Amino acid sequence: MVGVPRLSPAELVSGWPDVATDDPAGEVARRVALELRSAIDSHGLRAFADQVDLNHSTLLGVLAGRTWPSVQLIARMEAVLARPVWPHR
């Protein structure tokens with residue numbers, strides 16, 4: 001079976017990450033990217049990358065919508081920020 005190519009989060013919406021999307025997964029990724037942007041604004045990119053124990057380039061990929069945020073990133077962000085990051089409807 002041939003896999004269907006998965007679009008990146010930014011490919012699901014123009015104006016990433018500031019414009020909402022109707023795609024449920026894309027909207028979660030967009031809202032996580034906004035939380036990440038806020039965390040980086042408060043902590044700095046490399047400092048926050050160190051705190052969540054991930055490479056800063058991974059965070060940049062999520063911010064730009066090139067890559068999907070992983071459960072690992074979300075869980076570590078929640079631990080560092082001491083609050084939920086996963087968007088709840």
# chains A, B, ... in the order shown; residues from 1 in each chain; ligands from 1

$ residues_around --residues "His56 in chain A" --least-positions-apart "6" --cutoff "8 Å" --atoms "only C-alpha atoms" --output "list in words"
Leu45, Arg46, Ala49 and Asp50 of chain A

$ write_last_selection --atoms "all heavy atoms" --output "compact mmCIF listing (two decimals), in the first residue's frame"
# COMPACT_ATOMS: atom_id res chain seq x y z
N LEU A 45 15.19 31.17 22.54
CA LEU A 45 15.14 29.93 21.76
C LEU A 45 16.06 28.85 22.32
O LEU A 45 15.62 27.75 22.65
CB LEU A 45 15.48 30.20 20.29
CG LEU A 45 15.60 28.96 19.40
CD1 LEU A 45 14.27 28.23 19.30
CD2 LEU A 45 16.11 29.34 18.04
N ARG A 46 17.33 29.15 22.44
CA ARG A 46 18.28 28.12 22.88
C ARG A 46 18.05 27.73 24.34
O ARG A 46 18.19 26.56 24.70
CB ARG A 46 19.71 28.56 22.62
CG ARG A 46 20.01 28.59 21.12
CD ARG A 46 21.45 28.93 20.84
NE ARG A 46 21.66 29.12 19.42
CZ ARG A 46 22.01 28.17 18.56
NH1 ARG A 46 22.18 26.94 18.99
NH2 ARG A 46 22.19 28.44 17.28
N ALA A 49 15.03 25.48 24.33
CA ALA A 49 15.42 24.19 23.74
C ALA A 49 16.17 23.35 24.76
O ALA A 49 15.93 22.15 24.88
CB ALA A 49 16.27 24.40 22.49
N ASP A 50 17.07 23.97 25.52
CA ASP A 50 17.79 23.26 26.57
C ASP A 50 16.83 22.76 27.65
O ASP A 50 16.95 21.64 28.14
CB ASP A 50 18.85 24.15 27.21
CG ASP A 50 20.05 24.39 26.29
OD1 ASP A 50 20.22 23.64 25.30
OD2 ASP A 50 20.81 25.34 26.58

$ residues_around --residues "range 23-37 of chain A" --least-positions-apart "4" --cutoff "7 Å" --atoms "only C-alpha atoms" --output "ChimeraX atom specification"
/A:9,12,17,41,62-63,68-69,85-87

$ select_by_dssp --residues "range 37-88 of chain A" --states "helix (DSSP H, G or I)" --output "number ranges by chain"
A: 37-43, 45-51, 56-64, 71-81

$ closest_residue --among "A:Phe48, A:Asn55, A:Arg6, A:Asp18" --to "Leu81 in chain A" --atoms "only C-alpha atoms"
A:Phe48

$ residues_around --residues "Ala64 in chain A" --least-positions-apart "4" --cutoff "8 Å" --atoms "only C-alpha atoms" --output "list in words"
Ala10, Trp16, Pro17 and Leu60 of chain A

$ atom_distance --atom1 "CA of Val52 in chain A" --atom2 "CA of Met77 in chain A"
6.2 Å

$ residues_around --residues "Ser8 in chain A" --least-positions-apart "5" --cutoff "7 Å" --atoms "only C-alpha atoms" --output "PyMOL selection string"
chain A and resi 65-68

$ closest_residue --among "A:Leu7, A:Leu54, A:Ala47, A:Val19" --to "Ala75 in chain A" --atoms "only C-alpha atoms"
A:Leu54

$ atom_distance --atom1 "CA of Val80 in chain A" --atom2 "CA of Ser57 in chain A"
18.4 Å
